[in-house]
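Enquirer: Here you go, work_36.csv (CSV, C-alpha atoms and all ligand atoms):
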```csv
chain,number,residue,atom,x,y,z
A,1498,MET,CA,0.0,0.0,0.0
A,1499,LEU,CA,1.1,3.5,-0.8
A,1500,ASP,CA,1.5,5.7,2.3
A,1501,PRO,CA,-1.9,7.4,2.6
A,1502,LYS,CA,-0.1,10.7,3.2
A,1503,GLY,CA,2.2,10.0,0.2
A,1504,ILE,CA,3.1,12.3,-2.7
A,1505,VAL,CA,3.0,11.0,-6.2
A,1506,THR,CA,4.7,13.2,-8.9
A,1507,ILE,CA,4.0,13.2,-12.6
A,1508,ASP,CA,6.4,15.3,-14.7
A,1509,GLY,CA,6.7,15.4,-18.4
A,1510,PRO,CA,6.5,17.6,-21.5
A,1511,SER,CA,3.4,19.5,-22.6
A,1512,GLY,CA,0.6,17.5,-24.1
A,1513,ALA,CA,1.8,14.1,-22.8
A,1514,GLY,CA,-1.6,13.7,-21.0
A,1515,LYS,CA,-0.4,14.7,-17.5
A,1516,SER,CA,-3.6,16.5,-16.5
A,1517,THR,CA,-6.0,13.7,-17.5
A,1518,ILE,CA,-3.7,11.0,-15.9
A,1519,SER,CA,-3.0,13.0,-12.7
A,1520,ARG,CA,-6.7,13.7,-12.2
A,1521,GLY,CA,-7.7,10.1,-12.8
A,1522,LEU,CA,-4.9,8.7,-10.6
A,1523,ALA,CA,-5.8,11.2,-7.8
A,1524,ALA,CA,-9.4,10.1,-8.0
A,1525,LYS,CA,-8.4,6.4,-7.8
A,1526,LEU,CA,-6.1,7.0,-4.8
A,1527,HIS,CA,-8.5,9.5,-3.1
A,1528,PHE,CA,-5.7,12.0,-3.2
A,1529,THR,CA,-5.8,15.7,-4.0
A,1530,TYR,CA,-4.8,16.8,-7.5
A,1531,LEU,CA,-2.2,19.7,-7.8
A,1532,ASP,CA,-1.8,21.3,-11.2
A,1533,THR,CA,1.4,23.3,-11.0
A,1534,GLY,CA,1.3,24.3,-14.7
A,1535,ALA,CA,-1.9,26.2,-13.9
A,1536,MET,CA,0.0,28.2,-11.3
A,1537,TYR,CA,2.7,29.2,-13.8
A,1538,ARG,CA,0.0,30.1,-16.3
A,1539,ALA,CA,-1.8,32.3,-13.7
A,1540,VAL,CA,1.4,34.1,-12.8
A,1541,GLY,CA,2.1,34.6,-16.5
A,1542,LEU,CA,-1.3,36.2,-17.0
A,1543,ALA,CA,-0.8,38.5,-14.1
A,1544,LEU,CA,2.6,39.7,-15.4
A,1545,GLU,CA,1.1,40.2,-18.9
A,1546,GLN,CA,-1.9,42.1,-17.6
A,1547,GLN,CA,0.4,44.4,-15.6
A,1548,GLY,CA,3.0,44.7,-18.4
A,1549,ILE,CA,5.8,43.6,-16.2
A,1550,ASP,CA,9.2,43.3,-17.9
A,1551,LEU,CA,10.9,40.2,-16.5
A,1552,ALA,CA,14.3,42.0,-16.7
A,1553,ASP,CA,12.9,44.7,-14.3
A,1554,THR,CA,13.6,42.8,-11.1
A,1555,PRO,CA,12.3,45.4,-8.6
A,1556,ALA,CA,9.0,45.7,-10.5
A,1557,LEU,CA,8.7,41.9,-10.9
A,1558,ALA,CA,9.4,41.4,-7.1
A,1559,GLN,CA,6.8,44.0,-6.2
A,1560,CYS,CA,4.2,42.4,-8.5
A,1561,LEU,CA,4.9,38.9,-7.3
A,1562,ALA,CA,4.5,39.9,-3.7
A,1563,LYS,CA,1.0,41.1,-4.5
A,1564,ILE,CA,-0.1,38.0,-6.4
A,1565,GLU,CA,-2.4,35.8,-4.4
A,1566,LEU,CA,-3.0,32.3,-5.9
A,1567,THR,CA,-5.7,30.0,-4.5
A,1568,LEU,CA,-6.5,26.5,-5.7
A,1569,VAL,CA,-10.1,25.6,-5.1
A,1570,PRO,CA,-11.3,22.0,-5.6
A,1571,ASN,CA,-14.2,21.9,-8.1
A,1572,GLY,CA,-15.9,18.5,-8.0
A,1573,ASP,CA,-14.0,15.2,-7.6
A,1574,ASP,CA,-11.1,15.7,-10.0
A,1575,ASP,CA,-10.9,19.3,-11.0
A,1576,VAL,CA,-9.3,22.4,-9.5
A,1577,ARG,CA,-10.0,26.1,-10.2
A,1578,VAL,CA,-7.1,28.6,-10.0
A,1579,LEU,CA,-8.0,31.9,-8.5
A,1580,LEU,CA,-5.7,34.9,-9.2
A,1581,ASN,CA,-6.4,37.5,-6.6
A,1582,GLY,CA,-9.9,36.0,-6.1
A,1583,GLU,CA,-10.7,35.8,-9.9
A,1584,ASP,CA,-11.1,32.4,-11.5
A,1585,VAL,CA,-8.6,32.3,-14.4
A,1586,SER,CA,-8.7,28.6,-15.0
A,1587,GLN,CA,-10.3,28.9,-18.5
A,1588,ALA,CA,-8.5,32.1,-19.5
A,1589,THR,CA,-5.1,30.5,-18.9
A,1590,ARG,CA,-5.8,27.1,-20.6
A,1591,THR,CA,-4.8,28.3,-24.1
A,1592,PRO,CA,-1.7,27.4,-26.2
A,1593,GLU,CA,-0.7,31.1,-26.1
A,1594,MET,CA,-0.8,31.2,-22.3
A,1595,GLY,CA,1.2,27.9,-22.3
A,1596,MET,CA,4.0,29.8,-24.2
A,1597,VAL,CA,3.7,32.7,-21.7
A,1598,ALA,CA,3.9,30.4,-18.7
A,1599,SER,CA,6.9,28.7,-20.2
A,1600,ARG,CA,8.7,32.0,-20.6
A,1601,VAL,CA,8.0,33.3,-17.1
A,1602,SER,CA,8.8,29.9,-15.6
A,1603,ALA,CA,12.5,30.3,-16.4
A,1604,ASN,CA,12.6,33.3,-14.0
A,1605,PRO,CA,14.2,32.7,-10.6
A,1606,LEU,CA,11.8,34.9,-8.6
A,1607,VAL,CA,8.8,33.3,-10.2
A,1608,ARG,CA,10.1,29.8,-9.5
A,1609,GLU,CA,11.0,30.7,-5.9
A,1610,LYS,CA,7.5,32.0,-5.2
A,1611,LEU,CA,5.7,29.0,-6.8
A,1612,THR,CA,8.1,26.4,-5.4
A,1613,ALA,CA,7.4,27.7,-1.9
A,1614,LEU,CA,3.6,27.7,-2.5
A,1615,GLN,CA,3.6,24.2,-4.0
A,1616,ARG,CA,5.6,22.8,-1.0
A,1617,GLN,CA,3.1,24.5,1.3
A,1618,LEU,CA,0.2,23.0,-0.6
A,1619,GLY,CA,1.9,19.6,-0.5
A,1620,GLU,CA,2.7,19.7,3.2
A,1621,LYS,CA,-0.2,17.5,4.3
A,1622,GLY,CA,0.6,14.9,1.7
A,1623,SER,CA,-2.0,12.7,-0.1
A,1624,ILE,CA,-1.4,14.5,-3.4
A,1625,VAL,CA,-0.8,13.7,-7.0
A,1626,THR,CA,1.1,16.6,-8.4
A,1627,GLU,CA,2.0,17.3,-12.0
A,1628,GLY,CA,4.5,19.7,-13.6
A,1629,ARG,CA,8.1,19.7,-14.9
A,1630,ASP,CA,10.1,19.7,-11.6
A,1631,MET,CA,7.9,17.9,-9.1
A,1632,GLY,CA,10.1,14.9,-8.7
A,1633,THR,CA,13.4,16.7,-9.2
A,1634,VAL,CA,13.1,19.9,-7.2
A,1635,VAL,CA,9.8,20.5,-5.4
A,1636,PHE,CA,9.2,17.1,-3.9
A,1637,PRO,CA,12.5,15.2,-4.2
A,1638,LYS,CA,11.4,12.8,-1.4
A,1639,ALA,CA,8.0,11.9,-3.1
A,1640,SER,CA,6.8,8.3,-2.5
A,1641,CYS,CA,6.4,7.6,-6.2
A,1642,LYS,CA,7.6,9.5,-9.3
A,1643,PHE,CA,6.6,9.2,-12.9
A,1644,PHE,CA,7.8,10.9,-16.0
A,1645,LEU,CA,5.1,10.7,-18.7
A,1646,VAL,CA,6.2,11.0,-22.3
A,1647,ALA,CA,4.7,10.7,-25.8
A,1648,SER,CA,6.1,11.5,-29.2
A,1649,ALA,CA,5.8,15.2,-30.2
A,1650,GLU,CA,3.7,14.2,-33.2
A,1651,GLU,CA,1.2,12.3,-31.0
A,1652,ARG,CA,1.0,15.1,-28.5
A,1653,ALA,CA,0.3,17.6,-31.3
A,1654,ARG,CA,-2.4,15.4,-32.7
A,1655,ARG,CA,-4.1,15.1,-29.3
A,1656,ARG,CA,-3.9,18.8,-28.6
A,1657,GLN,CA,-5.4,19.6,-32.1
A,1658,ALA,CA,-8.3,17.2,-31.3
A,1659,GLN,CA,-8.8,18.7,-27.9
A,1660,LEU,CA,-9.0,22.2,-29.3
A,1661,ALA,CA,-11.3,21.0,-32.2
A,1662,GLU,CA,-13.7,19.7,-29.5
A,1663,LYS,CA,-13.8,23.2,-28.1
A,1664,GLY,CA,-14.6,24.5,-31.6
A,1665,GLN,CA,-11.0,25.9,-32.1
A,1666,ILE,CA,-9.6,24.9,-35.5
A,1667,VAL,CA,-5.8,25.1,-35.2
A,1668,ASP,CA,-3.2,24.1,-37.8
A,1669,TYR,CA,-1.4,20.8,-36.9
A,1670,GLN,CA,2.1,22.2,-37.9
A,1671,GLU,CA,1.5,25.3,-35.7
A,1672,ILE,CA,0.7,23.2,-32.7
A,1673,LEU,CA,3.7,20.8,-33.4
A,1674,ASP,CA,6.0,23.9,-33.6
A,1675,GLN,CA,4.7,25.3,-30.3
A,1676,ILE,CA,5.1,21.9,-28.6
A,1677,SER,CA,8.6,21.5,-29.9
A,1678,LYS,CA,9.6,25.0,-28.8
A,1679,ARG,CA,8.1,24.5,-25.4
A,1680,ASP,CA,10.0,21.1,-25.0
A,1681,TYR,CA,13.2,22.8,-26.0
A,1682,ASP,CA,12.8,25.9,-23.7
A,1683,ASP,CA,11.5,23.9,-20.7
A,1684,SER,CA,14.3,21.3,-20.9
A,1685,ARG,CA,17.2,23.7,-21.7
A,1686,ARG,CA,16.6,26.3,-19.0
A,1687,ALA,CA,19.1,26.6,-16.2
A,1688,LEU,CA,16.6,26.4,-13.3
A,1689,ALA,CA,14.6,23.3,-12.6
A,1690,PRO,CA,14.6,22.1,-16.2
A,1691,LEU,CA,12.2,19.5,-17.5
A,1692,LYS,CA,13.9,16.1,-16.9
A,1693,PRO,CA,13.1,12.8,-15.2
A,1694,ALA,CA,14.3,12.4,-11.6
A,1695,ASP,CA,16.9,9.7,-11.3
A,1696,ASP,CA,14.3,7.5,-9.5
A,1697,ALA,CA,11.4,8.3,-11.8
A,1698,ILE,CA,9.5,5.6,-13.7
A,1699,ILE,CA,9.3,6.6,-17.4
A,1700,VAL,CA,5.9,5.9,-18.9
A,1701,ASP,CA,5.4,6.3,-22.7
A,1702,SER,CA,1.7,7.0,-23.4
A,1703,SER,CA,2.1,7.3,-27.2
A,1704,SER,CA,0.1,4.1,-27.9
A,1705,MET,CA,-1.8,3.8,-24.6
A,1706,GLY,CA,-5.1,5.4,-23.6
A,1707,PRO,CA,-5.6,7.2,-20.2
A,1708,ALA,CA,-7.1,4.1,-18.5
A,1709,ALA,CA,-4.2,1.9,-19.4
A,1710,VAL,CA,-1.7,4.5,-18.3
A,1711,ILE,CA,-3.4,4.9,-14.9
A,1712,ASP,CA,-3.5,1.1,-14.5
A,1713,CYS,CA,0.1,0.9,-15.3
A,1714,MET,CA,0.9,3.6,-12.7
A,1715,LEU,CA,-1.3,1.9,-10.1
A,1716,ALA,CA,0.6,-1.3,-10.6
A,1717,SER,CA,4.0,0.5,-10.2
A,1718,ILE,CA,2.8,2.2,-7.1
A,1719,ALA,CA,1.6,-1.2,-5.6
A,1720,LYS,CA,4.9,-2.7,-6.5
A,1721,SER,CA,7.1,0.1,-5.1
A,1722,ALA,CA,5.1,0.1,-1.8
A,1723,ARG,CA,5.8,-3.6,-1.2
B,1801,LIG,O1,1.8,21.9,-17.7
B,1801,LIG,P1,1.5,23.3,-18.4
B,1801,LIG,O2,1.5,23.1,-19.9
B,1801,LIG,O3,0.2,23.9,-17.9
B,1801,LIG,O4,2.7,24.2,-18.0
B,1801,LIG,C1,2.8,25.5,-18.6
B,1801,LIG,C2,4.3,25.9,-18.5
B,1801,LIG,O5,4.6,26.2,-17.1
B,1801,LIG,C3,5.3,24.9,-19.0
B,1801,LIG,O6,5.6,25.1,-20.4
B,1801,LIG,C4,6.5,25.2,-18.1
B,1801,LIG,C5,6.0,25.8,-16.9
B,1801,LIG,N1,6.0,24.9,-15.7
B,1801,LIG,C6,7.2,24.7,-15.0
B,1801,LIG,O7,8.2,25.3,-15.4
B,1801,LIG,N2,7.2,24.0,-13.9
B,1801,LIG,C7,6.1,23.3,-13.5
B,1801,LIG,N3,6.2,22.6,-12.4
B,1801,LIG,C8,4.9,23.4,-14.2
B,1801,LIG,C9,4.9,24.2,-15.4
```
If you convert what's in this file into structure tokens, what do you get?

Expert:
Amino acid sequence: MLDPKGIVTIDGPSGAGKSTISRGLAAKLHFTYLDTGAMYRAVGLALEQQGIDLADTPALAQCLAKIELTLVPNGDDDVRVLLNGEDVSQATRTPEMGMVASRVSANPLVREKLTALQRQLGEKGSIVTEGRDMGTVVFPKASCKFFLVASAEERARRRQAQLAEKGQIVDYQEILDQISKRDYDDSRRALAPLKPADDAIIVDSSSMGPAAVIDCMLASIAKSAR
């Protein structure tokens, strides 16, 4: 059995299915789901709205000090992100805000603020948390760590289908280019780059549906807790 107060981390590149898998796994384990990408997106939105230049350290520090992020559970497996009391979950779930989040996430002050908040949210344990540096930096002592991957082409196909479901028709090549750029930037940055922790289990979801991935993770969790 997994420690009931345990922490399960799921890191990986954008579009690998982390959100669907993390939500599903959290529901199966009766754990809380923590979406750290949503936090970077919300901070990216705040900095954009206020026209903050990342190179202007005093202005950035002042702005970050005033940002209040709250994560509110919404049903069994969803979480809303409130930025200074306003629900920005939908507004930040766009490919453009993903690029903005990726850019601001390379900044040390932004990472410092969000890493501290994530550790605070994870203090009580019983969480499944997804991001880029959950297993390497934020929760290095997590009970079980996964690194979820899929080919860039498969991730672009999935993202295109998701957007089409919402009525947004986006060119496949444009999505593939965005995904490739984000992979490159997230894994090459100096601070907390995207990479598997040494003790992470790599799961390739390219040819597996969400239910199969969750079952595979549950089996690994059961095995590692023996
Ligand atoms: O998971 P996502 O697509 O919502 O994340 C958006 C961006 O935020 C991602 O490109 C990089 C950044 N991010 C990060 O640097 N560290 C995390 N733990 C989560 C996200």

Enquirer: Set the cut-off to 8 Å, count all atoms listed in the file, and list whatever residues fall near ligand LIG 1801 (chain B) as a PyMOL selection string.

Expert: chain A and resi 1508+1510-1512+1515-1516+1532-1538+1590+1594-1603+1608+1627-1631+1679-1680+1682-1683+1689-1691

Enquirer: Which is closest to Thr1529 in chain A among A:Ala1556, A:Leu1580, A:Ala1687, A:Ile1624, if we use all atoms listed in the file?

Expert: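 Between A:Ala1556, A:Leu1580, A:Ala1687, A:Ile1624, the residue approaching Thr1529 in chain A most closely is A:Ile1624.
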
Enquirer: Please, what distance in Å, to one decimal, runs between CA of Pro1592 in chain A and CA of Gln1675 in chain A?

Expert: 7.9 Å

Enquirer: Pick from A:Pro1605, A:Phe1644, A:Ala1639, A:Gly1514: nearest to Glu1620 in chain A, with all atoms listed in the file counted?

Expert: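 The closest residue to Glu1620 in chain A is A:Ala1639.
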
Enquirer: So the first atom is CA of Gln1615 in chain A and the second is CA of Val1700 in chain A; what is the distance between them in Å, to one decimal place?

Expert: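 Computing the Euclidean distance for CA of Gln1615 in chain A and CA of Val1700 in chain A yields 23.7 Å.
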
Enquirer: Have a look at A:Gln1617, A:Ser1704, A:Asn1604, A:Ser1640 and name the one nearest to Arg1652 in chain A; count all atoms listed in the file.

Expert: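 Result for the nearest residue to Arg1652 in chain A: A:Ser1704.
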
Enquirer: For the atom pair CA of Val1625 in chain A and CA of Arg1520 in chain A, what is the interatomic distance in Å to one decimal place?

Expert: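 For CA of Val1625 in chain A relative to CA of Arg1520 in chain A, the distance reads 7.9 Å.
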
Enquirer: Nearest to Thr1554 in chain A among A:Ile1676, A:Val1607, A:Ile1698, A:Cys1713, with distances taken over only C-alpha atoms: which residue is it?

Expert: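 Smallest separation from Thr1554 in chain A among the options: A:Val1607.
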
Enquirer: Rank A:Gln1665, A:Ser1519, A:Thr1567, A:Thr1506 by their smallest atom-to-atom distance to Val1710 in chain A, using all atoms listed in the file, and report the top residue only.

Expert: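 Distance minimum relative to Val1710 in chain A lands on A:Ser1519.
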
Enquirer: What would the list of residues within 10 Å of (6.1, 14.6, -32.7) (file frame) look like as an MDAnalysis selection string, if all atoms listed in the file are what count?

Expert: chainID A and resid 1647:1654 1673:1674 1676:1677 1703

Enquirer: Tell me which of A:Glu1671, A:Thr1591, A:Asp1712, A:Ala1539 sits closest to Gln1659 in chain A, counting all atoms listed in the file.

Expert: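 So, comparing all the options, the nearest one is A:Thr1591.
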